[in-house]
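Here's protein-v5.csv, which has CSV, C-alpha atoms:
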chain,number,residue,atom,x,y,z
A,900,MET,CA,9.7,5.7,-20.5
A,901,CYS,CA,10.1,5.2,-24.3
A,902,GLY,CA,9.0,7.0,-27.4
A,903,ILE,CA,7.2,5.9,-30.5
A,904,TYR,CA,6.8,7.8,-33.8
A,905,CYS,CA,5.7,7.2,-37.4
A,906,SER,CA,5.9,9.1,-40.6
A,907,ASP,CA,5.7,8.6,-44.4
A,908,ASP,CA,8.4,11.3,-44.9
A,909,ASN,CA,12.0,10.5,-44.3
A,910,ASN,CA,13.0,14.0,-43.2
A,911,THR,CA,10.1,14.3,-40.8
A,912,PHE,CA,10.9,10.8,-39.4
A,913,GLU,CA,14.5,11.9,-38.7
A,914,VAL,CA,13.2,14.9,-36.8
A,915,LEU,CA,10.8,12.8,-34.8
A,916,GLU,CA,13.6,10.2,-34.0
A,917,GLU,CA,15.8,13.0,-32.7
A,918,ALA,CA,13.0,14.5,-30.6
A,919,ASN,CA,12.1,11.2,-29.0
A,920,GLN,CA,15.6,10.5,-28.0
A,921,SER,CA,14.8,12.5,-24.8
A,922,ARG,CA,12.5,9.6,-23.9
A,923,GLY,CA,15.2,7.0,-24.2
A,924,ASN,CA,18.3,6.3,-26.3
A,925,PHE,CA,19.3,2.9,-24.9
A,926,ALA,CA,18.1,1.3,-28.1
A,927,THR,CA,16.4,2.3,-31.3
A,928,GLY,CA,14.1,0.3,-33.5
A,929,LEU,CA,12.9,0.9,-37.0
A,930,LEU,CA,10.3,-0.7,-39.3
A,931,TYR,CA,10.3,0.5,-42.9
A,932,THR,CA,8.2,-0.4,-45.9
A,933,SER,CA,9.1,0.0,-49.6
A,934,ILE,CA,7.1,-0.6,-52.7
A,935,GLU,CA,8.4,-2.5,-55.8
A,936,GLY,CA,5.8,-2.8,-58.5
A,937,ASP,CA,2.6,-3.9,-56.8
A,938,GLN,CA,4.4,-5.5,-53.9
A,939,THR,CA,5.1,-4.0,-50.5
A,940,HIS,CA,8.2,-5.1,-48.6
A,941,TYR,CA,9.2,-4.4,-45.1
A,942,GLY,CA,12.4,-4.5,-43.0
A,943,ILE,CA,13.2,-4.2,-39.3
A,944,ILE,CA,16.4,-2.7,-37.8
A,945,ARG,CA,17.2,-2.8,-34.1
A,946,LYS,CA,20.3,-1.0,-32.8
A,947,GLU,CA,21.9,-0.2,-29.5
A,948,GLY,CA,21.8,3.6,-28.9
A,949,SER,CA,20.5,6.0,-31.5
A,950,PHE,CA,21.2,5.7,-35.2
A,951,ASN,CA,21.7,7.9,-38.2
A,952,MET,CA,19.3,7.2,-41.1
A,953,GLU,CA,22.3,7.7,-43.5
A,954,ASP,CA,24.1,4.8,-41.8
A,955,THR,CA,21.2,2.3,-42.3
A,956,SER,CA,20.9,0.1,-45.4
A,957,ILE,CA,17.3,0.9,-46.2
A,958,PRO,CA,16.0,1.2,-49.7
A,959,GLU,CA,15.6,4.6,-51.3
A,960,ASN,CA,12.0,3.9,-52.3
A,961,CYS,CA,10.6,3.6,-48.7
A,962,ASN,CA,7.1,5.0,-48.2
A,963,LEU,CA,6.6,4.4,-44.4
A,964,PHE,CA,8.9,4.7,-41.4
A,965,LEU,CA,7.9,3.5,-37.9
A,966,GLY,CA,10.2,4.0,-34.9
A,967,HIS,CA,10.8,3.3,-31.2
A,968,ASN,CA,13.3,4.8,-28.8
A,969,GLN,CA,13.8,2.6,-25.8
A,970,ALA,CA,14.8,3.4,-22.3
A,971,PRO,CA,16.4,0.5,-20.3
A,972,THR,CA,13.7,-1.5,-18.3
A,973,SER,CA,14.0,-3.3,-15.0
A,974,SER,CA,13.6,-6.6,-16.9
A,975,GLN,CA,16.3,-5.9,-19.5
A,976,ARG,CA,19.3,-3.6,-19.1
A,977,SER,CA,21.7,-5.1,-21.7
A,978,PHE,CA,21.0,-4.7,-25.4
A,979,GLN,CA,19.7,-7.9,-27.1
A,980,ASP,CA,17.9,-8.0,-30.4
A,981,GLU,CA,15.1,-10.3,-29.1
A,982,THR,CA,14.3,-8.0,-26.2
A,983,SER,CA,14.3,-4.7,-28.3
A,984,HIS,CA,11.4,-3.0,-30.1
A,985,PRO,CA,9.7,-3.5,-32.4
A,986,PHE,CA,8.4,-7.0,-31.6
A,987,GLU,CA,7.2,-9.3,-34.4
A,988,VAL,CA,4.9,-12.3,-33.9
A,989,GLY,CA,3.0,-13.8,-36.8
A,990,ASP,CA,1.7,-11.1,-39.1
A,991,TRP,CA,2.0,-8.4,-36.4
A,992,VAL,CA,4.8,-6.0,-35.6
A,993,VAL,CA,4.3,-3.7,-32.5
A,994,ALA,CA,6.2,-1.0,-30.7
A,995,HIS,CA,4.9,0.1,-27.3
A,996,ASN,CA,5.5,2.9,-24.8
A,997,GLY,CA,4.2,2.4,-21.3
A,998,VAL,CA,4.0,-0.2,-18.5
A,999,LEU,CA,1.6,-3.2,-18.6
A,1000,THR,CA,0.7,-4.0,-15.0
A,1001,ASN,CA,-1.1,-7.3,-15.9
A,1002,PHE,CA,1.7,-8.7,-18.1
A,1003,LYS,CA,2.4,-11.8,-16.0
A,1004,GLU,CA,-1.3,-12.6,-15.8
A,1005,LEU,CA,-1.6,-12.3,-19.6
A,1006,GLN,CA,1.4,-14.5,-20.1
A,1007,GLN,CA,-0.2,-17.3,-18.1
A,1008,GLU,CA,-3.5,-17.0,-20.1
A,1009,CYS,CA,-1.7,-17.7,-23.4
A,1010,LYS,CA,-2.0,-21.2,-24.9
A,1011,VAL,CA,1.8,-21.4,-25.0
A,1012,VAL,CA,3.4,-19.1,-22.4
A,1013,PRO,CA,5.8,-16.6,-24.2
A,1014,GLU,CA,9.3,-16.5,-22.6
A,1015,ASN,CA,10.2,-12.9,-23.6
A,1016,PRO,CA,10.7,-10.9,-20.4
A,1017,VAL,CA,9.6,-7.6,-21.9
A,1018,ASP,CA,6.0,-6.7,-21.3
A,1019,SER,CA,5.5,-5.1,-24.7
A,1020,TYR,CA,6.0,-8.5,-26.4
A,1021,ILE,CA,2.7,-9.7,-25.2
A,1022,ILE,CA,0.8,-7.4,-27.5
A,1023,PRO,CA,1.8,-8.8,-30.9
A,1024,TYR,CA,1.7,-12.3,-29.3
A,1025,LEU,CA,-2.0,-11.9,-28.3
A,1026,LEU,CA,-2.8,-10.4,-31.8
A,1027,ALA,CA,-1.2,-13.4,-33.5
A,1028,GLU,CA,-2.8,-15.8,-31.1
A,1029,ASN,CA,-6.2,-14.4,-32.0
A,1030,ASP,CA,-5.4,-14.6,-35.7
A,1031,TYR,CA,-4.6,-18.3,-35.3
A,1032,ARG,CA,-7.7,-19.1,-33.2
A,1033,ASP,CA,-10.3,-17.0,-35.0
A,1034,GLY,CA,-9.1,-17.5,-38.6
A,1035,PRO,CA,-9.6,-15.1,-41.5
A,1036,SER,CA,-12.4,-12.5,-41.5
A,1037,ASP,CA,-14.6,-11.6,-44.4
A,1038,GLY,CA,-13.4,-8.1,-44.2
A,1039,VAL,CA,-9.6,-7.6,-43.6
A,1040,VAL,CA,-9.8,-4.2,-41.9
A,1041,GLU,CA,-12.9,-5.2,-39.9
A,1042,GLY,CA,-11.1,-8.4,-38.7
A,1043,GLU,CA,-8.0,-6.5,-37.7
A,1044,ILE,CA,-9.9,-3.9,-35.8
A,1045,ASN,CA,-11.9,-6.6,-33.9
A,1046,ASN,CA,-8.7,-8.3,-33.1
A,1047,ILE,CA,-7.0,-5.1,-31.9
A,1048,THR,CA,-10.0,-4.2,-29.8
A,1049,LYS,CA,-10.0,-7.6,-28.1
A,1050,VAL,CA,-6.3,-7.3,-27.2
A,1051,LEU,CA,-6.3,-3.6,-26.1
A,1052,GLN,CA,-9.3,-4.2,-23.8
A,1053,ARG,CA,-7.3,-6.9,-22.0
A,1054,LEU,CA,-4.4,-4.7,-21.3
A,1055,GLU,CA,-4.0,-2.9,-17.9
A,1056,GLY,CA,-1.6,-0.1,-17.2
A,1057,THR,CA,-0.3,2.4,-19.7
A,1058,TYR,CA,0.4,2.1,-23.4
A,1059,ALA,CA,0.8,4.0,-26.6
A,1060,VAL,CA,1.3,1.6,-29.5
A,1061,TRP,CA,1.7,1.4,-33.3
A,1062,MET,CA,0.6,-1.9,-34.7
A,1063,TYR,CA,1.6,-2.9,-38.3
A,1064,ASN,CA,0.2,-6.0,-40.1
A,1065,THR,CA,2.8,-7.4,-42.5
A,1066,TRP,CA,0.2,-9.3,-44.5
A,1067,SER,CA,-2.3,-6.4,-45.2
A,1068,ASN,CA,0.3,-3.6,-44.7
A,1069,ASN,CA,-2.2,-1.8,-42.5
A,1070,LEU,CA,-0.9,0.5,-39.7
A,1071,TYR,CA,-2.9,1.3,-36.5
A,1072,VAL,CA,-2.2,3.4,-33.5
A,1073,ALA,CA,-3.9,3.7,-30.1
A,1074,ARG,CA,-3.2,4.7,-26.5
A,1075,GLN,CA,-4.3,4.4,-22.9
A,1076,GLY,CA,-2.6,6.7,-20.4
A,1077,SER,CA,0.7,7.1,-22.3
A,1078,THR,CA,1.1,10.3,-24.4
A,1079,LEU,CA,0.7,10.2,-28.2
A,1080,PHE,CA,0.1,12.9,-30.8
A,1081,TYR,CA,-0.6,13.1,-34.5
A,1082,LYS,CA,-0.5,15.6,-37.3
A,1083,GLY,CA,-1.5,14.6,-40.8
A,1084,THR,CA,0.5,11.4,-41.5
A,1085,HIS,CA,2.9,11.8,-38.6
A,1086,VAL,CA,2.7,10.4,-35.1
A,1087,SER,CA,4.9,11.0,-32.0
A,1088,SER,CA,5.1,10.5,-28.3
A,1089,ILE,CA,6.6,14.0,-28.2
A,1090,LYS,CA,4.1,16.8,-29.0
A,1091,GLY,CA,5.2,18.9,-31.9
A,1092,ASN,CA,3.9,22.2,-33.3
A,1093,GLY,CA,0.3,21.7,-34.6
A,1094,TYR,CA,0.1,18.1,-33.3
A,1095,THR,CA,-3.2,16.8,-31.8
A,1096,GLU,CA,-3.5,14.4,-29.0
A,1097,VAL,CA,-4.6,10.9,-29.9
A,1098,THR,CA,-7.9,10.3,-28.2
A,1099,GLU,CA,-7.8,7.5,-25.5
A,1100,GLY,CA,-9.9,4.5,-26.3
A,1101,THR,CA,-9.8,5.2,-30.1
A,1102,ILE,CA,-8.1,3.2,-32.8
A,1103,TYR,CA,-6.6,5.2,-35.7
A,1104,LYS,CA,-5.7,3.8,-39.1
A,1105,TYR,CA,-3.0,5.3,-41.3
A,1106,SER,CA,-3.7,6.3,-44.9
A,1107,PRO,CA,-1.6,8.6,-47.2
A,1108,ALA,CA,-4.3,11.2,-46.5
A,1109,GLY,CA,-3.7,11.0,-42.7
A,1110,TYR,CA,-4.8,9.1,-39.7
A,1111,GLU,CA,-8.5,8.2,-39.5
A,1112,LYS,CA,-10.5,7.2,-36.5
A,1113,VAL,CA,-11.9,3.8,-37.3
A,1114,SER,CA,-13.1,2.4,-34.0
A,1115,THR,CA,-13.3,2.8,-30.2
A,1116,PHE,CA,-12.6,0.4,-27.3
A,1117,GLU,CA,-13.2,0.3,-23.6
A,1118,TYR,CA,-10.1,1.6,-21.8
A,1119,LYS,CA,-9.0,1.9,-18.2
A,1120,SER,CA,-6.8,4.9,-18.0
A,1121,PRO,CA,-4.7,5.2,-14.9
A,1122,PHE,CA,-3.8,8.6,-13.4
A,1123,LEU,CA,-0.1,8.1,-14.4
A,1124,THR,CA,0.9,9.0,-17.9
A,1125,LEU,CA,4.2,8.1,-19.5
Full structure transcribed into structure tokens:
Amino acid sequence: MCGIYCSDDNNTFEVLEEANQSRGNFATGLLYTSIEGDQTHYGIIRKEGSFNMEDTSIPENCNLFLGHNQAPTSSQRSFQDETSHPFEVGDWVVAHNGVLTNFKELQQECKVVPENPVDSYIIPYLLAENDYRDGPSDGVVEGEINNITKVLQRLEGTYAVWMYNTWSNNLYVARQGSTLFYKGTHVSSIKGNGYTEVTEGTIYKYSPAGYEKVSTFEYKSPFLTL
């Protein structure tokens, strides 16, 4: 069991990080974005255990914070950067809570079989593989949503995910089985006061005004939720 959470407010993000430690504190991952002029930059931090935001060397002008609290899995019980969330492949960075039951099958269907033993890694890998195969779309958001839909519909098991594209700087969240809630511009695996459950089979896109439902996909929710 892990926890994912997102916010565009530093103080709220710290509250969400602390709340989600109950879902795992083996390792913590953070993606942050900052704006300089008309350019958006991002950075990724992965750390064993929990971390204090004051101890991290992130810019003061950050406008988005995306986090993941990881519990040790059967496939990886010693901290290694390459097996810790978030995972980055191509233009996609993804953090995931849940268990993908068809992970091995998806690995074998890839053009080049990824060697990372963590099931979550397959999600950005498939997104990047689709980008390479399908090429650019006339509409950036439309192309990203079509790509995300194709990938999510191939996943079996449970998942709650945030998916960030480093080229477009677009952020999406979705879930199947695993818990996920949102309120305004904040997302969390732990339900806070006033938070609403993310609808299964629905893709949400972040904007400074809040999360907007932008598409739906066919989902296969199991009885178990994580």
Next on the checklist: For a quick check of understanding, using all atoms listed in the file, which of A:Gly966, A:Gly902, A:Gly948, A:Pro958 has the smallest distance to Thr932 of chain A?
Outcome noted: A:Pro958
Checklist entry - Between A:Ser1019, A:Gln1052, A:Thr1078, A:Ser1087, which one has atoms that come closest to Gly1100 of chain A, using only C-alpha atoms? => result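 Among A:Ser1019, A:Gln1052, A:Thr1078, A:Ser1087, it is A:Gln1052 that comes nearest to Gly1100 of chain A.
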Next on the checklist: Applying 7 Å and all atoms listed in the file, which residues near segment 992-1008 of chain A remain after dropping the ones on its own chain fewer than 4 positions away? List them as a ChimeraX atom specification.
Outcome noted: /A:900-903,967,984-988,1012-1013,1018-1019,1023,1054-1064,1077,1125
Next on the checklist: From the options A:His1085, A:Lys1112, A:Lys946, A:Lys1090, which residue's atoms come nearest to Asp907 of chain A, counting only C-alpha atoms?
Outcome noted: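 Closest to Asp907 of chain A, using only C-alpha atoms: A:His1085.
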Checklist entry - A:Ala926, A:Cys905, A:Val1017, A:Val1040: which is nearest Asn962 of chain A, counting only C-alpha atoms? => result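 The answer is A:Cys905, which sits nearest to Asn962 of chain A.
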Checklist entry - Which value, in Å to one decimal, gives the distance between atom CA of Ser1106 of chain A and atom CA of Leu963 of chain A? => result 10.5 Å
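Straight-line separation from atom CA of Ala970 of chain A to atom CA of Arg1053 of chain A: 24.4 Å.
Neighbouring residues of Gln920 of chain A at 8 Å or closer, counting all atoms listed in the file and skipping chain neighbours under 2 positions away, are Gly902, Glu916, Glu917, Ala918, Arg922, Gly923, Asn924, Ser949 and Asn968 of chain A.
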Checklist entry - For the atom pair atom CA of Ser983 of chain A and atom CA of Gly928 of chain A, what is the interatomic distance in Å to one decimal place? => result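 Those two atoms sit 7.2 Å apart.
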Checklist entry - Could you tell me, as a PyMOL selection string, which residues have any atom at most 9 Å from (19.8, -1.6, -39.6), counting all atoms listed in the file? => result chain A and resi 928-929+942-946+950+952+954-957
Could the residues in this selection be written to a file with C-alpha atoms, as an mmCIF file, in the frame of the given file?
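Generated file (again_5.cif):
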data_model
loop_
_atom_site.group_PDB
_atom_site.id
_atom_site.type_symbol
_atom_site.label_atom_id
_atom_site.label_comp_id
_atom_site.auth_asym_id
_atom_site.auth_seq_id
_atom_site.Cartn_x
_atom_site.Cartn_y
_atom_site.Cartn_z
ATOM 1 C CA GLY A 928 14.100 0.300 -33.500
ATOM 2 C CA LEU A 929 12.900 0.900 -37.000
ATOM 3 C CA GLY A 942 12.400 -4.500 -43.000
ATOM 4 C CA ILE A 943 13.200 -4.200 -39.300
ATOM 5 C CA ILE A 944 16.400 -2.700 -37.800
ATOM 6 C CA ARG A 945 17.200 -2.800 -34.100
ATOM 7 C CA LYS A 946 20.300 -1.000 -32.800
ATOM 8 C CA PHE A 950 21.200 5.700 -35.200
ATOM 9 C CA MET A 952 19.300 7.200 -41.100
ATOM 10 C CA ASP A 954 24.100 4.800 -41.800
ATOM 11 C CA THR A 955 21.200 2.300 -42.300
ATOM 12 C CA SER A 956 20.900 0.100 -45.400
ATOM 13 C CA ILE A 957 17.300 0.900 -46.200
#
Checklist entry - Using all atoms listed in the file, which of the listed residues (A:Gln1075, A:Asn1029, A:Gln969, A:Asn919) sits closest to Tyr1118 of chain A? => result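 Nearest to Tyr1118 of chain A: A:Gln1075.
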Next on the checklist: Please determine, counting all atoms listed in the file, which residue among A:Asn1092, A:Thr1084, A:Gln938, A:Thr982 has the shortest atom-to-atom distance to Glu1111 of chain A.
Outcome noted: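 Counting all atoms listed in the file, the residue closest to Glu1111 of chain A is A:Thr1084.
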Next on the checklist: Please list as a PyMOL selection string every residue within 12 Å of Asp1030 of chain A, counting all atoms listed in the file and excluding residues in the same chain fewer than 3 positions away.
Outcome noted: chain A and resi 988-991+1023-1027+1033-1036+1039+1042-1047+1049-1050+1064+1066
